[in-house]
Amino acid sequence: MTVPHPYRPVNEPVHDVGRVAVLGAGSWGTAFAKVLGDAGREVRLWARRQEVADAINTGRRNPTYLPDVELPRGLAATADAGEALAGADAVVLAVPSQSLRDNLARWRDLIPDGVTLTNLAKGVELGTLKRMTEVIADVTGVDGDRLAVVSGPNLAAEIAQEEPTATVIACADHERAVALQTACATGYFRAYTNTDVVGAELGGAGKNVIALAVGVAAGMGLGDNSRASLITRGLAEMSRLGVALGASPLTFAGLAGLGDLVATCSSPLSRNRTFGEHLGQGASLAEAEKANHGQVAEGVKSCLSICELGGRHGVELPIADAVRRMCHEGMSAPALAKELISRAPKPE
């Protein structure tokens, strides 16, 4: 028996997602646009630079981020956000978390009425301490039922190569989540639905910080026991913060929690894990950024907002706080390890 959605008239149909605007042509935005195209959707991918859009349209490849991956014919790129958004049934936001607000301020009047806004970025906004869907609601005034999140073990390079993976689409309106689930269903990409937006977002933001810590341990030459301990206790930190903010603890045991955490902490494709590894080998932030092809890992900024969020809600986050002090107060990798292992023991 289908239970009518409390905010939608019973006779109003749920619209199919036929055309999707993906705003952001980085590695994850391009990979997700490919998934949508492979699933038979008409995709318009917005790229910040005209030369990237031209390369995608002429050569079917993103030369900057995924040069070896052929993109589907149903995907067209543009450097004009209005062109990308025109006629869209759904909008996917694939820009970095700390630049989401400024980008949305330029796009909000171009967004079609009634569409679902889906966020791919993982982070907590500096200053406001707001999750990404809260930032979207702030800027656009869109009701929370229209906001969705994609989160899970989603390393862009592997997805672009069509290696099998699963993810979570979280939305308070389950029917919208199901519509998005259908829109991105392929033979290699499987989405599950969830209504716990808070848990999915905090899992995605928190895992980047823990991955930095795991990378530091790997860079110091520490073994599997040390890394497994950080992953497990990191999951406990993420869960504590999530529950304090109203999330379900079960979310952190699933793809948006444990699944994403394991992938980000373990893979050499993970920017955060790799960045932390350079720090563990004694590199400075600037040196780690240079070694990371000029890209700063999200966890470097997220550790600040996550620690402040934990303090606001009285949640202890020892790993995140150690990462914060290492990245922003000059704490050394050996001091970080010593502090974490010598903390007063507590019941698990």
# chains A, B, ... in the order shown; residues from 1 in each chain; ligands from 1

$ closest_atom_pairs --of "region 152-211 of chain A" --to "region 123-143 of chain A" --cutoff "10 Å" --atoms "only C-alpha atoms" --output "JSON lines"
{"residue": "A:Val197", "atom": "CA", "partner": "A:Thr133", "partner_atom": "CA", "distance": 8.3}
{"residue": "A:Val198", "atom": "CA", "partner": "A:Arg131", "partner_atom": "CA", "distance": 7.9}
{"residue": "A:Glu201", "atom": "CA", "partner": "A:Arg131", "partner_atom": "CA", "distance": 6.8}
{"residue": "A:Leu202", "atom": "CA", "partner": "A:Gly123", "partner_atom": "CA", "distance": 7.7}
{"residue": "A:Gly203", "atom": "CA", "partner": "A:Gly123", "partner_atom": "CA", "distance": 9.3}
{"residue": "A:Gly204", "atom": "CA", "partner": "A:Gly123", "partner_atom": "CA", "distance": 7.0}
{"residue": "A:Ala205", "atom": "CA", "partner": "A:Gly123", "partner_atom": "CA", "distance": 4.3}
{"residue": "A:Gly206", "atom": "CA", "partner": "A:Gly123", "partner_atom": "CA", "distance": 7.7}
{"residue": "A:Lys207", "atom": "CA", "partner": "A:Gly123", "partner_atom": "CA", "distance": 9.6}
{"residue": "A:Asn208", "atom": "CA", "partner": "A:Gly123", "partner_atom": "CA", "distance": 8.4}
{"residue": "A:Val209", "atom": "CA", "partner": "A:Gly123", "partner_atom": "CA", "distance": 9.8}

$ closest_atom_pairs --of "region 254-338 of chain A" --to "region 229-238 of chain A" --cutoff "7 Å" --atoms "only C-alpha atoms" --output "Markdown table"
| residue | atom | partner | partner_atom | distance |
| --- | --- | --- | --- | --- |
| A:Leu258 | CA | A:Leu235 | CA | 6.8 |
| A:Leu317 | CA | A:Glu237 | CA | 5.7 |
| A:Ile319 | CA | A:Gly234 | CA | 6.8 |

$ write_last_selection --atoms "C-alpha atoms" --output "PDB file, in the first residue's frame"
ATOM      1  CA  LEU A 258      31.089   3.448   7.015  1.00  0.00           C
ATOM      2  CA  LEU A 317      35.874  14.945  18.607  1.00  0.00           C
ATOM      3  CA  ILE A 319      40.633  12.932  16.075  1.00  0.00           C
TER       4      ILE A 319
END

$ residues_around --residues "Glu298 (chain A)" --least-positions-apart "2" --cutoff "10 Å" --atoms "only C-alpha atoms" --output "ChimeraX atom specification"
/A:96-98,121-124,205,208-209,212,271-272,275,295-296,300-303

$ closest_atom_pairs --of "region 21-90 of chain A" --to "region 165-185 of chain A" --cutoff "8 Å" --atoms "only C-alpha atoms" --output "Markdown table"
| residue | atom | partner | partner_atom | distance |
| --- | --- | --- | --- | --- |
| A:Val35 | CA | A:Cys184 | CA | 6.0 |
| A:Leu36 | CA | A:Cys184 | CA | 4.9 |
| A:Asp38 | CA | A:Cys184 | CA | 8.0 |
| A:Ala39 | CA | A:Cys184 | CA | 5.5 |
| A:Gly40 | CA | A:Ala183 | CA | 7.8 |
| A:Arg41 | CA | A:Ala183 | CA | 6.8 |

$ write_last_selection --atoms "C-alpha atoms" --output "PDB file, in the first residue's frame"
ATOM      1  CA  VAL A  35      26.282   8.212 -14.848  1.00  0.00           C
ATOM      2  CA  LEU A  36      23.149  10.214 -15.658  1.00  0.00           C
ATOM      3  CA  ASP A  38      24.561   6.379 -19.279  1.00  0.00           C
ATOM      4  CA  ALA A  39      21.204   6.018 -17.530  1.00  0.00           C
ATOM      5  CA  GLY A  40      19.522   7.623 -20.539  1.00  0.00           C
ATOM      6  CA  ARG A  41      19.064  11.159 -19.206  1.00  0.00           C
TER       7      ARG A  41
END

$ atom_distance --atom1 "CA of Leu45 (chain A)" --atom2 "CA of Leu23 (chain A)"
6.0 Å

$ atom_distance --atom1 "CA of Lys34 (chain A)" --atom2 "CA of Gly82 (chain A)"
20.4 Å

$ select_by_dssp --residues "region 38-122 of chain A" --states "strand (DSSP E)" --output "list of chain:residue names"
A:Glu42, A:Val43, A:Arg44, A:Leu45, A:Trp46, A:Leu75, A:Ala76, A:Ala77, A:Thr78, A:Ala90, A:Val91, A:Val92, A:Leu93, A:Thr116, A:Leu117, A:Thr118, A:Asn119

$ write_last_selection --atoms "N, CA, C and O atoms" --output "PDB file, in the first residue's frame"
ATOM      1  N   GLU A  42      19.078  13.210 -20.475  1.00  0.00           N
ATOM      2  CA  GLU A  42      19.681  14.303 -21.233  1.00  0.00           C
ATOM      3  C   GLU A  42      20.392  15.199 -20.225  1.00  0.00           C
ATOM      4  O   GLU A  42      19.761  15.728 -19.306  1.00  0.00           O
ATOM      5  N   VAL A  43      21.693  15.373 -20.369  1.00  0.00           N
ATOM      6  CA  VAL A  43      22.491  16.061 -19.356  1.00  0.00           C
ATOM      7  C   VAL A  43      23.127  17.317 -19.939  1.00  0.00           C
ATOM      8  O   VAL A  43      23.693  17.277 -21.045  1.00  0.00           O
ATOM      9  N   ARG A  44      23.036  18.408 -19.181  1.00  0.00           N
ATOM     10  CA  ARG A  44      23.730  19.642 -19.512  1.00  0.00           C
ATOM     11  C   ARG A  44      24.722  19.923 -18.384  1.00  0.00           C
ATOM     12  O   ARG A  44      24.327  20.174 -17.247  1.00  0.00           O
ATOM     13  N   LEU A  45      26.005  19.867 -18.705  1.00  0.00           N
ATOM     14  CA  LEU A  45      27.073  20.009 -17.720  1.00  0.00           C
ATOM     15  C   LEU A  45      27.677  21.413 -17.819  1.00  0.00           C
ATOM     16  O   LEU A  45      28.215  21.792 -18.869  1.00  0.00           O
ATOM     17  N   TRP A  46      27.576  22.170 -16.732  1.00  0.00           N
ATOM     18  CA  TRP A  46      28.154  23.515 -16.715  1.00  0.00           C
ATOM     19  C   TRP A  46      29.612  23.442 -16.286  1.00  0.00           C
ATOM     20  O   TRP A  46      29.949  22.862 -15.257  1.00  0.00           O
ATOM     21  N   LEU A  75      25.293  13.814 -23.263  1.00  0.00           N
ATOM     22  CA  LEU A  75      25.845  14.823 -22.366  1.00  0.00           C
ATOM     23  C   LEU A  75      26.437  15.965 -23.199  1.00  0.00           C
ATOM     24  O   LEU A  75      27.277  15.728 -24.071  1.00  0.00           O
ATOM     25  N   ALA A  76      25.966  17.174 -22.948  1.00  0.00           N
ATOM     26  CA  ALA A  76      26.512  18.356 -23.610  1.00  0.00           C
ATOM     27  C   ALA A  76      26.990  19.326 -22.551  1.00  0.00           C
ATOM     28  O   ALA A  76      26.379  19.453 -21.484  1.00  0.00           O
ATOM     29  N   ALA A  77      28.081  20.016 -22.833  1.00  0.00           N
ATOM     30  CA  ALA A  77      28.656  20.956 -21.869  1.00  0.00           C
ATOM     31  C   ALA A  77      28.450  22.394 -22.332  1.00  0.00           C
ATOM     32  O   ALA A  77      28.323  22.667 -23.524  1.00  0.00           O
ATOM     33  N   THR A  78      28.455  23.307 -21.353  1.00  0.00           N
ATOM     34  CA  THR A  78      28.310  24.727 -21.639  1.00  0.00           C
ATOM     35  C   THR A  78      28.959  25.526 -20.520  1.00  0.00           C
ATOM     36  O   THR A  78      29.019  25.064 -19.382  1.00  0.00           O
ATOM     37  N   ALA A  90      15.782  18.393 -12.955  1.00  0.00           N
ATOM     38  CA  ALA A  90      16.529  18.276 -11.699  1.00  0.00           C
ATOM     39  C   ALA A  90      17.854  19.007 -11.874  1.00  0.00           C
ATOM     40  O   ALA A  90      18.383  19.100 -12.979  1.00  0.00           O
ATOM     41  N   VAL A  91      18.378  19.518 -10.754  1.00  0.00           N
ATOM     42  CA  VAL A  91      19.636  20.252 -10.769  1.00  0.00           C
ATOM     43  C   VAL A  91      20.592  19.584  -9.793  1.00  0.00           C
ATOM     44  O   VAL A  91      20.234  19.333  -8.633  1.00  0.00           O
ATOM     45  N   VAL A  92      21.806  19.301 -10.260  1.00  0.00           N
ATOM     46  CA  VAL A  92      22.848  18.698  -9.426  1.00  0.00           C
ATOM     47  C   VAL A  92      23.940  19.735  -9.212  1.00  0.00           C
ATOM     48  O   VAL A  92      24.485  20.283 -10.171  1.00  0.00           O
ATOM     49  N   LEU A  93      24.265  20.011  -7.955  1.00  0.00           N
ATOM     50  CA  LEU A  93      25.269  20.998  -7.592  1.00  0.00           C
ATOM     51  C   LEU A  93      26.573  20.277  -7.275  1.00  0.00           C
ATOM     52  O   LEU A  93      26.639  19.485  -6.331  1.00  0.00           O
ATOM     53  N   THR A 116      14.092  19.398  -8.114  1.00  0.00           N
ATOM     54  CA  THR A 116      14.871  18.909  -6.988  1.00  0.00           C
ATOM     55  C   THR A 116      16.305  19.407  -7.125  1.00  0.00           C
ATOM     56  O   THR A 116      16.906  19.311  -8.199  1.00  0.00           O
ATOM     57  N   LEU A 117      16.849  19.950  -6.033  1.00  0.00           N
ATOM     58  CA  LEU A 117      18.235  20.396  -6.003  1.00  0.00           C
ATOM     59  C   LEU A 117      19.058  19.351  -5.253  1.00  0.00           C
ATOM     60  O   LEU A 117      18.806  19.099  -4.075  1.00  0.00           O
ATOM     61  N   THR A 118      20.022  18.767  -5.935  1.00  0.00           N
ATOM     62  CA  THR A 118      20.807  17.670  -5.373  1.00  0.00           C
ATOM     63  C   THR A 118      22.254  18.106  -5.203  1.00  0.00           C
ATOM     64  O   THR A 118      22.877  18.591  -6.151  1.00  0.00           O
ATOM     65  N   ASN A 119      22.792  17.926  -4.011  1.00  0.00           N
ATOM     66  CA  ASN A 119      24.145  18.369  -3.717  1.00  0.00           C
ATOM     67  C   ASN A 119      25.122  17.197  -3.703  1.00  0.00           C
ATOM     68  O   ASN A 119      24.852  16.145  -3.124  1.00  0.00           O
TER      69      ASN A 119
END

$ decode --residues "region 192-301 of chain A" --atoms "C-alpha atoms" --output "compact mmCIF listing (two decimals), in the first residue's frame"
# COMPACT_ATOMS: atom_id res chain seq x y z
CA TYR A 192 19.75 3.39 -2.32
CA THR A 193 17.32 5.89 -0.81
CA ASN A 194 17.23 7.39 2.67
CA THR A 195 15.33 10.23 4.32
CA ASP A 196 18.14 11.06 6.77
CA VAL A 197 19.67 14.10 5.05
CA VAL A 198 21.49 15.22 8.22
CA GLY A 199 23.25 11.88 8.66
CA ALA A 200 24.23 11.60 5.00
CA GLU A 201 25.71 15.11 4.99
CA LEU A 202 27.63 14.78 8.26
CA GLY A 203 28.98 11.39 7.21
CA GLY A 204 30.27 12.89 3.98
CA ALA A 205 31.86 15.88 5.71
CA GLY A 206 33.35 13.99 8.64
CA LYS A 207 35.02 11.23 6.64
CA ASN A 208 37.31 13.73 4.90
CA VAL A 209 38.78 14.78 8.26
CA ILE A 210 39.27 11.19 9.43
CA ALA A 211 40.88 10.32 6.10
CA LEU A 212 43.45 13.06 6.70
CA ALA A 213 44.32 11.44 10.03
CA VAL A 214 44.59 7.99 8.43
CA GLY A 215 46.81 9.45 5.73
CA VAL A 216 49.06 10.96 8.40
CA ALA A 217 49.39 7.53 10.03
CA ALA A 218 50.24 5.94 6.68
CA GLY A 219 52.80 8.65 5.98
CA MET A 220 54.45 7.94 9.32
CA GLY A 221 54.78 4.29 8.32
CA LEU A 222 52.21 3.02 10.82
CA GLY A 223 50.48 -0.22 9.95
CA ASP A 224 47.02 -1.67 9.54
CA ASN A 225 46.20 -1.78 13.26
CA SER A 226 46.79 1.95 13.62
CA ARG A 227 44.78 2.81 10.49
CA ALA A 228 41.92 0.49 11.43
CA SER A 229 41.79 2.03 14.90
CA LEU A 230 41.53 5.53 13.43
CA ILE A 231 38.81 4.49 11.00
CA THR A 232 36.76 2.81 13.73
CA ARG A 233 37.12 5.58 16.29
CA GLY A 234 36.57 8.13 13.55
CA LEU A 235 33.26 6.48 12.75
CA ALA A 236 32.34 6.77 16.43
CA GLU A 237 33.11 10.52 16.33
CA MET A 238 31.00 11.04 13.21
CA SER A 239 28.11 9.09 14.72
CA ARG A 240 28.20 11.04 18.00
CA LEU A 241 28.05 14.36 16.19
CA GLY A 242 25.34 13.16 13.83
CA VAL A 243 23.09 11.88 16.60
CA ALA A 244 23.55 15.15 18.51
CA LEU A 245 22.24 16.98 15.43
CA GLY A 246 19.26 14.66 14.95
CA ALA A 247 20.63 12.03 12.55
CA SER A 248 19.93 8.31 12.78
CA PRO A 249 22.88 6.24 14.05
CA LEU A 250 21.98 3.61 11.44
CA THR A 251 22.98 6.00 8.66
CA PHE A 252 26.58 5.88 9.86
CA ALA A 253 26.61 2.08 9.66
CA GLY A 254 25.69 2.24 5.96
CA LEU A 255 27.07 3.50 2.67
CA ALA A 256 26.93 7.19 3.59
CA GLY A 257 28.87 6.51 6.79
CA LEU A 258 31.09 3.45 7.01
CA GLY A 259 31.16 2.82 3.26
CA ASP A 260 32.32 6.32 2.38
CA LEU A 261 34.74 6.39 5.31
CA VAL A 262 36.49 3.14 4.34
CA ALA A 263 36.87 4.18 0.69
CA THR A 264 38.19 7.65 1.50
CA CYS A 265 40.59 6.41 4.19
CA SER A 266 41.95 3.50 2.15
CA SER A 267 42.26 4.59 -1.46
CA PRO A 268 45.24 6.34 -3.09
CA LEU A 269 42.61 8.06 -5.24
CA SER A 270 41.40 9.93 -2.14
CA ARG A 271 42.70 13.52 -2.06
CA ASN A 272 42.27 13.69 1.72
CA ARG A 273 44.08 10.42 2.43
CA THR A 274 46.93 11.42 0.06
CA PHE A 275 47.19 14.92 1.51
CA GLY A 276 47.44 13.49 5.02
CA GLU A 277 50.11 11.05 3.88
CA HIS A 278 52.30 13.96 2.75
CA LEU A 279 51.78 15.65 6.13
CA GLY A 280 52.75 12.43 7.90
CA GLN A 281 55.99 12.38 5.91
CA GLY A 282 56.84 15.82 7.26
CA ALA A 283 55.52 18.09 4.49
CA SER A 284 54.04 21.48 5.27
CA LEU A 285 50.50 22.39 4.17
CA ALA A 286 51.91 24.24 1.16
CA GLU A 287 54.15 21.31 0.22
CA ALA A 288 51.30 18.82 0.60
CA GLU A 289 49.10 21.02 -1.60
CA LYS A 290 51.80 21.17 -4.28
CA ALA A 291 52.26 17.39 -4.15
CA ASN A 292 48.45 17.06 -4.44
CA HIS A 293 48.56 18.76 -7.86
CA GLY A 294 47.67 22.14 -6.37
CA GLN A 295 44.46 20.94 -4.74
CA VAL A 296 43.74 21.48 -1.05
CA ALA A 297 41.88 18.55 0.50
CA GLU A 298 38.38 19.38 1.79
CA GLY A 299 39.27 18.04 5.24
CA VAL A 300 41.77 20.86 5.80
CA LYS A 301 38.93 23.37 5.98
